[in-house]
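Peer 1: Pasting start.cif below, which is mmCIF, C-alpha atoms.
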```cif
data_run
loop_
_atom_site.label_atom_id
_atom_site.label_comp_id
_atom_site.auth_asym_id
_atom_site.auth_seq_id
_atom_site.Cartn_x
_atom_site.Cartn_y
_atom_site.Cartn_z
CA MET A 10 0.00 0.00 0.00
CA SER A 11 1.31 3.44 -0.91
CA MET A 12 -0.16 6.86 -0.24
CA TYR A 13 0.32 9.81 -2.59
CA PRO A 14 -0.52 13.49 -2.09
CA ILE A 15 -3.26 14.72 -4.43
CA ALA A 16 -3.94 18.23 -3.17
CA THR A 17 -3.19 20.53 -0.29
CA LEU A 18 -4.79 23.69 0.99
CA SER A 19 -3.36 26.05 3.59
CA ASN A 20 -5.63 28.59 5.26
CA PRO A 21 -8.78 27.48 3.42
CA THR A 22 -11.67 29.89 2.97
CA GLY A 23 -15.33 29.22 2.27
CA ARG A 24 -16.65 25.98 0.88
CA ILE A 25 -13.79 23.71 -0.17
CA ASP A 26 -14.31 21.65 -3.33
CA PHE A 27 -11.64 19.18 -4.38
CA THR A 28 -12.68 18.54 -7.98
CA ASN A 29 -11.44 16.22 -10.70
CA ILE A 30 -10.19 13.74 -8.15
CA PRO A 31 -8.03 11.17 -9.95
CA GLN A 32 -9.84 7.87 -10.42
CA THR A 33 -6.67 5.82 -10.38
CA PHE A 34 -6.32 5.18 -6.66
CA THR A 35 -8.07 2.55 -4.55
CA HIS A 36 -8.84 4.67 -1.49
CA LEU A 37 -8.78 8.31 -0.43
CA GLN A 38 -7.57 9.85 2.81
CA MET A 39 -8.15 13.41 3.91
CA ARG A 40 -6.15 14.86 6.81
CA ILE A 41 -7.45 18.09 8.33
CA PHE A 42 -5.84 20.30 10.94
CA GLY A 43 -8.56 22.83 11.49
CA ARG A 44 -10.44 25.23 13.70
CA TYR A 45 -13.79 26.96 13.31
CA SER A 46 -13.50 30.72 13.75
CA GLY A 47 -17.12 31.23 14.80
CA ALA A 48 -18.18 31.73 18.40
CA ALA A 49 -19.23 28.16 19.15
CA ALA A 50 -16.92 25.86 21.10
CA THR A 51 -17.41 23.16 18.45
CA THR A 52 -19.18 22.82 15.14
CA ASN A 53 -20.12 20.09 12.73
CA MET A 54 -17.91 19.91 9.64
CA PRO A 55 -20.22 18.91 6.74
CA ILE A 56 -18.85 16.76 3.94
CA GLN A 57 -20.50 16.14 0.56
CA PHE A 58 -19.62 14.33 -2.63
CA ASN A 59 -20.14 15.09 -6.31
CA ASN A 60 -22.13 18.25 -5.51
CA ASP A 61 -24.92 16.17 -3.96
CA VAL A 62 -26.08 18.99 -1.70
CA GLY A 63 -29.84 18.70 -1.85
CA GLY A 64 -30.61 15.02 -1.55
CA ASN A 65 -31.07 13.43 1.83
CA ASP A 66 -28.48 10.83 0.93
CA TYR A 67 -26.15 10.88 3.95
CA TYR A 68 -26.22 8.98 7.25
CA THR A 69 -23.85 9.37 10.19
CA HIS A 70 -23.11 7.25 13.26
CA TRP A 71 -20.51 8.04 15.88
CA ILE A 72 -19.11 7.14 19.26
CA ASN A 73 -17.72 10.02 21.28
CA GLY A 74 -15.69 10.39 24.44
CA ASP A 75 -15.83 13.77 26.17
CA GLY A 76 -13.57 12.96 29.09
CA ALA A 77 -16.44 11.90 31.34
CA SER A 78 -18.59 9.47 29.40
CA ALA A 79 -18.83 7.56 26.17
CA THR A 80 -21.90 8.24 24.05
CA SER A 81 -23.11 7.13 20.67
CA SER A 82 -25.69 8.58 18.34
CA SER A 83 -26.74 8.78 14.71
CA GLN A 84 -28.35 11.15 12.27
CA GLY A 85 -29.89 10.68 8.86
CA PRO A 86 -30.97 10.87 6.25
CA ILE A 87 -29.66 14.42 5.89
CA THR A 88 -27.91 16.43 3.21
CA TYR A 89 -24.34 15.84 4.37
CA GLY A 90 -22.03 13.56 6.31
CA TYR A 91 -19.95 15.18 9.00
CA SER A 92 -17.16 15.19 11.50
CA PHE A 93 -16.55 18.10 13.88
CA LEU A 94 -14.08 20.87 14.65
CA VAL A 95 -13.16 22.86 17.74
CA GLY A 96 -14.30 26.47 17.51
CA GLY A 97 -13.62 30.00 18.62
CA GLY A 98 -15.49 29.47 21.89
CA SER A 99 -12.76 27.12 23.03
CA THR A 100 -9.20 27.75 24.13
CA ALA A 101 -7.10 29.83 21.74
CA ASN A 102 -4.56 28.03 19.56
CA VAL A 103 -6.29 24.65 19.98
CA PHE A 104 -7.01 22.94 16.67
CA SER A 105 -8.79 19.71 15.77
CA SER A 106 -7.08 16.84 13.99
CA VAL A 107 -9.32 14.85 11.64
CA ILE A 108 -8.41 11.84 9.50
CA ILE A 109 -11.02 10.66 6.99
CA ASP A 110 -10.73 7.41 5.02
CA ILE A 111 -12.95 6.65 2.03
CA LEU A 112 -12.51 3.12 0.77
CA ASP A 113 -13.16 2.00 -2.78
CA TYR A 114 -14.24 5.51 -3.84
CA THR A 115 -14.33 4.69 -7.56
CA ASN A 116 -16.45 1.55 -7.21
CA THR A 117 -19.82 1.94 -8.97
CA ASN A 118 -21.47 -1.02 -7.24
CA LYS A 119 -21.18 0.22 -3.68
CA ASN A 120 -22.54 3.03 -1.57
CA LYS A 121 -19.63 4.92 -0.03
CA THR A 122 -18.71 4.92 3.65
CA MET A 123 -16.37 7.38 5.32
CA ARG A 124 -14.47 6.35 8.44
CA MET A 125 -13.32 9.29 10.54
CA LEU A 126 -11.01 9.66 13.53
CA SER A 127 -11.21 13.14 15.01
CA GLY A 128 -10.63 15.03 18.19
CA TYR A 129 -9.39 18.02 20.13
CA ASP A 130 -8.34 18.56 23.71
CA ALA A 131 -8.46 21.97 25.38
CA ASN A 132 -7.04 21.05 28.77
CA GLY A 133 -10.26 20.60 30.69
CA SER A 134 -12.62 20.06 27.77
CA GLY A 135 -12.52 18.21 24.49
CA SER A 136 -13.74 15.17 22.63
CA VAL A 137 -12.34 12.27 20.69
CA ARG A 138 -14.63 10.55 18.20
CA LEU A 139 -14.97 7.69 15.74
CA THR A 140 -17.49 8.43 13.01
CA SER A 141 -18.95 6.66 10.02
CA SER A 142 -20.82 8.64 7.39
CA ALA A 143 -22.44 6.86 4.49
CA TRP A 144 -23.26 8.43 1.14
CA PHE A 145 -26.04 6.41 -0.40
CA SER A 146 -24.85 6.60 -3.96
CA THR A 147 -23.00 4.11 -6.13
CA ALA A 148 -21.42 6.87 -8.21
CA ALA A 149 -17.65 7.15 -8.25
CA ILE A 150 -16.50 10.08 -6.15
CA ASN A 151 -14.88 12.81 -8.22
CA ILE A 152 -15.70 15.87 -6.10
CA PHE A 153 -14.98 15.98 -2.35
CA SER A 154 -16.36 19.02 -0.52
CA VAL A 155 -15.90 20.30 3.02
CA ASP A 156 -18.07 23.20 4.02
CA ILE A 157 -17.96 25.27 7.21
CA GLY A 158 -18.52 28.48 5.26
CA ASN A 159 -16.14 31.37 5.80
CA TYR A 160 -15.18 30.18 9.24
CA TRP A 161 -11.81 28.52 8.78
CA ALA A 162 -9.43 29.87 11.41
CA THR A 163 -6.00 30.97 10.25
CA GLY A 164 -3.61 28.06 10.52
CA SER A 165 -6.12 25.49 9.26
CA ARG A 166 -5.08 23.17 6.46
CA ILE A 167 -6.45 20.27 4.45
CA ASP A 168 -4.47 17.55 2.67
CA LEU A 169 -5.99 14.98 0.32
CA TYR A 170 -4.21 11.72 -0.47
CA GLY A 171 -4.78 8.78 -2.77
CA ILE A 172 -3.93 5.29 -1.59
CA SER A 173 -2.91 2.64 -4.05
CA THR A 174 -2.81 -1.10 -3.53
CA SER A 175 -0.94 -3.95 -5.10
CA ASN A 176 -2.82 -5.66 -7.92
CA ALA A 177 -1.13 -8.87 -6.87
CA THR A 178 -1.83 -8.91 -3.14
CA GLY A 179 -4.29 -6.11 -2.45
CA ALA A 180 -1.94 -4.87 0.25
CA MET B 13 21.85 -3.62 22.04
CA PRO B 14 18.69 -1.85 20.84
CA ILE B 15 18.56 -1.07 17.18
CA LEU B 16 17.76 2.42 15.97
CA THR B 17 17.78 2.49 12.21
CA PHE B 18 17.37 5.58 10.08
CA ALA B 19 15.87 5.06 6.67
CA SER B 20 17.88 5.69 3.53
CA GLY B 21 16.70 6.59 0.06
CA SER B 22 14.72 9.50 -1.29
CA ALA B 23 11.21 10.41 -0.23
CA SER B 24 9.92 9.85 -3.75
CA MET B 25 10.66 6.15 -3.34
CA HIS B 26 7.92 5.79 -0.76
CA GLY B 27 4.95 7.92 -1.85
CA ALA B 28 3.54 10.19 0.83
CA VAL B 29 4.38 8.00 3.82
CA VAL B 30 8.13 7.94 4.26
CA PRO B 31 9.89 5.78 6.86
CA ILE B 32 12.19 7.98 8.95
CA ALA B 33 13.51 5.64 11.60
CA LYS B 34 12.81 2.39 13.42
CA TYR B 35 13.66 1.35 16.96
CA VAL B 36 13.81 -2.29 18.04
CA ALA B 37 14.15 -2.86 21.79
CA ASP B 38 16.59 -5.42 23.14
CA GLY B 39 15.18 -5.39 26.68
CA THR B 40 17.71 -2.99 28.17
CA THR B 41 16.24 0.38 27.21
CA VAL B 42 13.76 2.40 29.26
CA SER B 43 12.90 5.33 27.03
CA PRO B 44 13.89 5.26 23.36
CA SER B 45 14.00 8.61 21.62
CA PHE B 46 13.77 9.81 18.06
CA ASN B 47 15.87 12.96 17.95
CA ASN B 48 16.51 15.50 15.21
CA ILE B 49 13.27 14.60 13.46
CA PRO B 50 13.35 16.01 9.92
CA GLN B 51 11.19 19.13 9.60
CA GLY B 52 10.32 18.64 5.96
CA TYR B 53 7.10 16.65 6.26
CA GLN B 54 3.52 17.70 6.85
CA ASP B 55 2.62 15.15 9.53
CA LEU B 56 4.28 12.43 11.58
CA MET B 57 2.99 8.91 12.20
CA LEU B 58 4.41 6.72 14.95
CA VAL B 59 3.55 3.02 14.89
CA ALA B 60 4.32 1.06 18.06
CA SER B 61 4.24 -2.57 19.16
CA VAL B 62 5.15 -2.57 22.84
CA ARG B 63 5.26 -4.70 25.96
CA SER B 64 6.47 -3.48 29.35
CA SER B 65 8.90 -5.49 31.50
CA GLY B 66 7.09 -4.28 34.62
CA ASN B 67 5.21 -6.56 37.03
CA THR B 68 3.05 -3.93 38.71
CA GLY B 69 -0.16 -4.61 36.84
CA SER B 70 -1.50 -5.12 33.39
CA PRO B 71 -2.01 -3.27 31.24
CA VAL B 72 0.02 -0.11 31.85
CA ASN B 73 0.20 3.19 30.04
CA LEU B 74 2.55 4.02 27.21
CA TYR B 75 3.48 7.68 26.98
CA ILE B 76 5.02 9.78 24.27
CA LEU B 77 6.95 12.92 25.18
CA PRO B 78 7.31 15.54 22.43
CA ASN B 79 10.55 17.49 22.66
CA GLY B 80 11.49 15.66 25.86
CA ASP B 81 9.08 17.90 27.75
CA SER B 82 7.86 16.34 31.02
CA SER B 83 6.33 19.45 32.58
CA ASN B 84 2.84 19.02 34.04
CA ASN B 85 0.79 20.75 31.41
CA LYS B 86 -0.40 18.08 28.99
CA SER B 87 -4.00 17.02 28.63
CA VAL B 88 -5.54 13.93 27.08
CA THR B 89 -9.10 12.84 26.32
CA THR B 90 -9.64 9.10 25.93
CA LEU B 91 -12.36 6.78 24.70
CA ASN B 92 -11.98 3.06 25.19
CA GLY B 93 -13.84 -0.23 25.26
CA ASN B 94 -12.93 -3.19 27.44
CA GLY B 95 -15.09 -5.89 25.87
CA SER B 96 -18.17 -5.14 27.93
CA SER B 97 -18.54 -1.37 28.11
CA ALA B 98 -17.21 1.90 26.73
CA SER B 99 -15.88 4.76 28.84
CA SER B 100 -14.15 8.08 28.51
CA ALA B 101 -11.72 9.93 30.74
CA ARG B 102 -9.56 13.02 30.76
CA TYR B 103 -6.18 13.51 32.37
CA THR B 104 -4.97 17.08 32.79
CA THR B 105 -1.80 18.52 34.27
CA SER B 106 -0.04 15.40 33.12
CA PRO B 107 3.72 15.29 32.59
CA PHE B 108 3.29 12.80 29.77
CA GLU B 109 1.27 12.45 26.61
CA TYR B 110 -0.76 9.32 27.33
CA SER B 111 -0.69 7.25 24.16
CA ALA B 112 -1.91 3.70 24.73
CA ASN B 113 -2.30 0.73 27.07
CA VAL B 114 0.24 -2.03 26.72
CA PRO B 115 0.69 -5.42 28.44
CA THR B 116 3.28 -6.22 31.09
CA GLN B 117 5.04 -9.40 32.18
CA GLN B 118 1.87 -10.28 34.10
CA SER B 119 0.13 -10.78 30.75
CA ALA B 120 0.31 -13.97 28.75
CA PRO B 121 3.55 -14.25 26.77
CA TYR B 122 3.92 -12.96 23.24
CA ILE B 123 1.20 -10.34 23.64
CA PHE B 124 2.17 -6.81 22.65
CA GLY B 125 0.07 -3.67 22.61
CA THR B 126 -0.21 -1.78 19.35
CA SER B 127 -0.77 1.86 18.59
CA THR B 128 -0.69 4.30 15.68
CA THR B 129 -0.18 7.95 16.57
CA HIS B 130 -0.79 10.82 14.17
CA ILE B 131 0.89 14.17 14.84
CA LEU B 132 -0.53 16.63 12.35
CA ASN B 133 1.21 19.90 11.48
CA TYR B 134 4.12 19.05 13.77
CA THR B 135 6.41 21.80 12.44
CA ASN B 136 3.82 24.53 12.81
CA THR B 137 4.95 27.34 15.12
CA THR B 138 1.67 29.23 15.51
CA THR B 139 -0.71 26.59 16.86
CA TYR B 140 -0.82 24.03 19.63
CA LYS B 141 -0.50 20.42 18.50
CA THR B 142 -3.41 17.96 18.58
CA ILE B 143 -2.24 14.35 18.56
CA LEU B 144 -4.52 11.41 17.72
CA THR B 145 -3.81 7.78 18.65
CA ARG B 146 -5.66 4.57 17.93
CA TRP B 147 -4.52 1.67 20.09
CA ALA B 148 -5.34 -1.87 21.17
CA SER B 149 -4.30 -4.65 23.53
CA ASP B 150 -6.03 -8.01 23.62
CA PHE B 151 -5.26 -10.66 26.24
CA SER B 152 -7.65 -13.40 25.15
CA GLY B 153 -10.48 -12.94 27.60
CA SER B 154 -9.72 -9.37 28.47
CA GLY B 155 -8.38 -6.41 26.63
CA LEU B 156 -8.79 -2.81 25.72
CA THR B 157 -9.08 -0.81 22.54
CA GLY B 158 -9.36 2.92 22.30
CA ILE B 159 -8.62 6.28 20.78
CA ASN B 160 -6.89 9.20 22.45
CA CYS B 161 -6.59 12.88 21.71
CA VAL B 162 -3.67 14.69 23.30
CA LEU B 163 -3.04 18.41 23.54
CA TYR B 164 0.59 19.47 23.38
CA PRO B 165 0.07 23.07 24.47
CA TYR B 166 3.00 24.69 22.73
CA THR B 167 3.48 26.42 19.43
CA THR B 168 7.02 25.09 19.07
CA ALA B 169 7.79 22.60 16.35
CA ILE B 170 8.20 19.00 17.46
CA THR B 171 11.76 17.87 16.91
CA SER B 172 11.96 14.78 19.11
CA LEU B 173 9.72 12.03 20.47
CA THR B 174 10.49 9.90 23.51
CA ALA B 175 8.54 6.83 24.61
CA VAL B 176 8.20 5.58 28.18
CA VAL B 177 5.88 3.18 30.02
CA ASP B 178 4.41 3.36 33.52
CA GLY B 179 7.03 2.71 36.16
CA VAL B 180 9.75 3.84 33.76
CA VAL B 181 10.89 0.27 33.26
CA ASN B 182 12.52 -1.45 30.33
CA LEU B 183 10.62 -2.31 27.19
CA VAL B 184 10.53 -6.02 26.47
CA ALA B 185 12.86 -7.15 23.71
CA GLY B 186 11.08 -7.06 20.38
CA SER B 187 9.10 -3.93 21.18
CA THR B 188 9.24 -1.64 18.18
CA PHE B 189 8.59 1.95 17.25
CA THR B 190 8.54 3.03 13.61
CA LEU B 191 8.43 6.71 12.76
CA TYR B 192 7.09 7.90 9.43
CA GLY B 193 6.85 11.30 7.81
CA VAL B 194 3.75 12.11 5.77
CA ARG B 195 4.56 14.28 2.76
CA SER B 196 2.23 16.84 1.31
CA ILE B 197 2.27 18.38 -2.17
CA GLY B 198 5.69 19.85 -2.88
CA GLN B 199 7.48 18.12 -0.02
#
```
Give the structure from the file, written as structure tokens.

Peer 2:
Amino acid sequence: MSMYPIATLSNPTGRIDFTNIPQTFTHLQMRIFGRYSGAAATTNMPIQFNNDVGGNDYYTHWINGDGASATSSSQGPITYGYSFLVGGGSTANVFSSVIIDILDYTNTNKNKTMRMLSGYDANGSGSVRLTSSAWFSTAAINIFSVDIGNYWATGSRIDLYGISTSNATGA
Amino acid sequence: MPILTFASGSASMHGAVVPIAKYVADGTTVSPSFNNIPQGYQDLMLVASVRSSGNTGSPVNLYILPNGDSSNNKSVTTLNGNGSSASSARYTTSPFEYSANVPTQQSAPYIFGTSTTHILNYTNTTTYKTILTRWASDFSGSGLTGINCVLYPYTTAITSLTAVVDGVVNLVAGSTFTLYGVRSIGQ
């Protein structure tokens, strides 16, 4: 298995659309170091594919630890999948780390499932979370969008990678 | 003698994930360190397979110290499952960056704890660092698996990583740490 950088974005602004995603990899991975600049302590970070913004085609399940208890919940169908980011209502200089894996993104016989590891810690508050978000479409993913509006804090960045596998072993 | 091997070859040989160095314990080392970490990558990834030589309980904590800093100002939020229930905890004013649970000599032989730690934006000098770890130990009948989020509350770049287990005892021979750099576009 080898991972290759596809695109990078420092100090993103507005809705982020990674378009024309190469269809030659087996999996995708997005790595986000980000913070929401709005007043809330945390915010959802919506994710959409192929400009599917109006259909209720997304479902999300997660398990979360907030330092005191473990909770699990779900939401859907809604118009986006999502992880979360720490926001301006939390401690200054604290950013979230988010790693999103999308397996078999070019397969046209499968709905797509994102697997997300995300978290932040603000020395007295914080959460760490495992999330799955499903996009109920068998279309190959060629546009990957992340949308928190114009609320990316300075210092945020997004990196998109493609992961290839061996034809011989699948490794 | 423990083995600390630095990778050779160009980054382009390895795609985005580039092996930087590997440490293999021989049973005589307490706290292996990766020093002078190259500053040319976007993220770091540390993969560990560890067992403690201690006999004080099982499992015990594995800690990672960025920049050798053991002052009491770290914080970690954890989520774990033990086979019957899930729980979460937070440890503040900690001298160490809690990374994972690993077995000791009280555990059945040949069992090692595993963890993968992601340190995003480790060279950044304007933000604190948020470190994610996914880890697991299974003892056949008991075990733990979890994820941790650690705050390293400094804007300094991370240039070294040191590992240590509870009790500051030796790592069992065969314990390994492999450090990777994750390249971004243009790196």

Peer 1: I'd like to know which of B:Gln118, B:Val59, B:Tyr166, B:Thr135 is closest to Trp147 in chain B, using all atoms listed in the file.

Peer 2: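 Going through B:Gln118, B:Val59, B:Tyr166, B:Thr135 one by one, the smallest distance to Trp147 in chain B is for B:Val59.
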
Peer 1: Run the PyMOL selection byres ((chain A and resi 90) around 8) against the file shown and list the residues it catches, as a ChimeraX atom specification.

Peer 2: /A:55-57,67-69,87-89,91-92,142-144

Peer 1: Create the file for the chosen residues now, containing C-alpha atoms and written as an mmCIF file, in the frame of the given file.

Peer 2:
```
data_model
loop_
_atom_site.group_PDB
_atom_site.id
_atom_site.type_symbol
_atom_site.label_atom_id
_atom_site.label_comp_id
_atom_site.auth_asym_id
_atom_site.auth_seq_id
_atom_site.Cartn_x
_atom_site.Cartn_y
_atom_site.Cartn_z
ATOM 1 C CA PRO A 55 -20.220 18.910 6.740
ATOM 2 C CA ILE A 56 -18.850 16.760 3.940
ATOM 3 C CA GLN A 57 -20.500 16.140 0.560
ATOM 4 C CA TYR A 67 -26.150 10.880 3.950
ATOM 5 C CA TYR A 68 -26.220 8.980 7.250
ATOM 6 C CA THR A 69 -23.850 9.370 10.190
ATOM 7 C CA ILE A 87 -29.660 14.420 5.890
ATOM 8 C CA THR A 88 -27.910 16.430 3.210
ATOM 9 C CA TYR A 89 -24.340 15.840 4.370
ATOM 10 C CA TYR A 91 -19.950 15.180 9.000
ATOM 11 C CA SER A 92 -17.160 15.190 11.500
ATOM 12 C CA SER A 142 -20.820 8.640 7.390
ATOM 13 C CA ALA A 143 -22.440 6.860 4.490
ATOM 14 C CA TRP A 144 -23.260 8.430 1.140
#
```

Peer 1: Evaluated on this file, the PyMOL selection byres ((chain A and resi 19-34) around 9) picks out some residues - which ones are they, written as a PyMOL selection string?

Peer 2: chain A and resi 15-18+35-37+43+59-60+113-115+149-169+171-174

Peer 1: Could you work out how far CA of Pro115 in chain B lies from CA of Pro71 in chain B, giving the answer in Å with one decimal?

Peer 2: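 Interatomic distance, CA of Pro71 in chain B to CA of Pro115 in chain B: 4.4 Å.
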
Peer 1: Can you work out which one of A:Gln84, A:Asn65, A:Asn102, A:Thr51 has the shortest atom-to-atom distance to Asn136 in chain B, counting all atoms listed in the file?

Peer 2: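 Closest to Asn136 in chain B, using all atoms listed in the file: A:Asn102.
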
Peer 1: Considering all atoms listed in the file, return as a CSV table (one decimal) with C-alpha atoms, in the coordinates of the input whatever protein or nucleic-acid residues lie within 12 Å of Val194 in chain B, sequence-local ones (same chain, fewer than 3 positions apart) excluded.

Peer 2:
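Output contents, as saved in selection-v4.csv:
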```csv
chain,number,residue,atom,x,y,z
A,11,SER,CA,1.3,3.4,-0.9
A,12,MET,CA,-0.2,6.9,-0.2
A,13,TYR,CA,0.3,9.8,-2.6
A,14,PRO,CA,-0.5,13.5,-2.1
A,38,GLN,CA,-7.6,9.8,2.8
A,40,ARG,CA,-6.2,14.9,6.8
A,168,ASP,CA,-4.5,17.6,2.7
A,169,LEU,CA,-6.0,15.0,0.3
A,170,TYR,CA,-4.2,11.7,-0.5
B,23,ALA,CA,11.2,10.4,-0.2
B,24,SER,CA,9.9,9.8,-3.8
B,26,HIS,CA,7.9,5.8,-0.8
B,27,GLY,CA,5.0,7.9,-1.8
B,28,ALA,CA,3.5,10.2,0.8
B,29,VAL,CA,4.4,8.0,3.8
B,30,VAL,CA,8.1,7.9,4.3
B,31,PRO,CA,9.9,5.8,6.9
B,32,ILE,CA,12.2,8.0,9.0
B,50,PRO,CA,13.4,16.0,9.9
B,51,GLN,CA,11.2,19.1,9.6
B,52,GLY,CA,10.3,18.6,6.0
B,53,TYR,CA,7.1,16.6,6.3
B,54,GLN,CA,3.5,17.7,6.8
B,55,ASP,CA,2.6,15.2,9.5
B,56,LEU,CA,4.3,12.4,11.6
B,57,MET,CA,3.0,8.9,12.2
B,58,LEU,CA,4.4,6.7,15.0
B,130,HIS,CA,-0.8,10.8,14.2
B,131,ILE,CA,0.9,14.2,14.8
B,132,LEU,CA,-0.5,16.6,12.4
B,133,ASN,CA,1.2,19.9,11.5
B,134,TYR,CA,4.1,19.0,13.8
B,191,LEU,CA,8.4,6.7,12.8
B,197,ILE,CA,2.3,18.4,-2.2
B,198,GLY,CA,5.7,19.8,-2.9
B,199,GLN,CA,7.5,18.1,0.0
```

Peer 1: Apply the PyMOL selection byres ((chain A and resi 118) around 8) to the displayed file and report the matching residues as an MDAnalysis selection string.

Peer 2: chainID A and resid 116:117 119:120 147:148

Peer 1: How many Å lie between CA of Ser196 in chain B and CA of Pro165 in chain B, rounded to one decimal?

Peer 2: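 CA of Pro165 in chain B lies 24.1 Å from CA of Ser196 in chain B.
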
Peer 1: Restricting the calculation to all atoms listed in the file, which member of B:Ala169, B:Val88, B:Ala33, B:Ile49 is positioned closest to chain A?

Peer 2: B:Val88

Peer 1: Between A:Asn73, A:Val107, A:Met10, A:Gly98, which one has atoms that come closest to Ile41 in chain A, using all atoms listed in the file?

Peer 2: A:Val107

Peer 1: Using Å and a single decimal, report how far CA of Ser172 in chain B sits from CA of Gly186 in chain B.

Peer 2: 21.9 Å
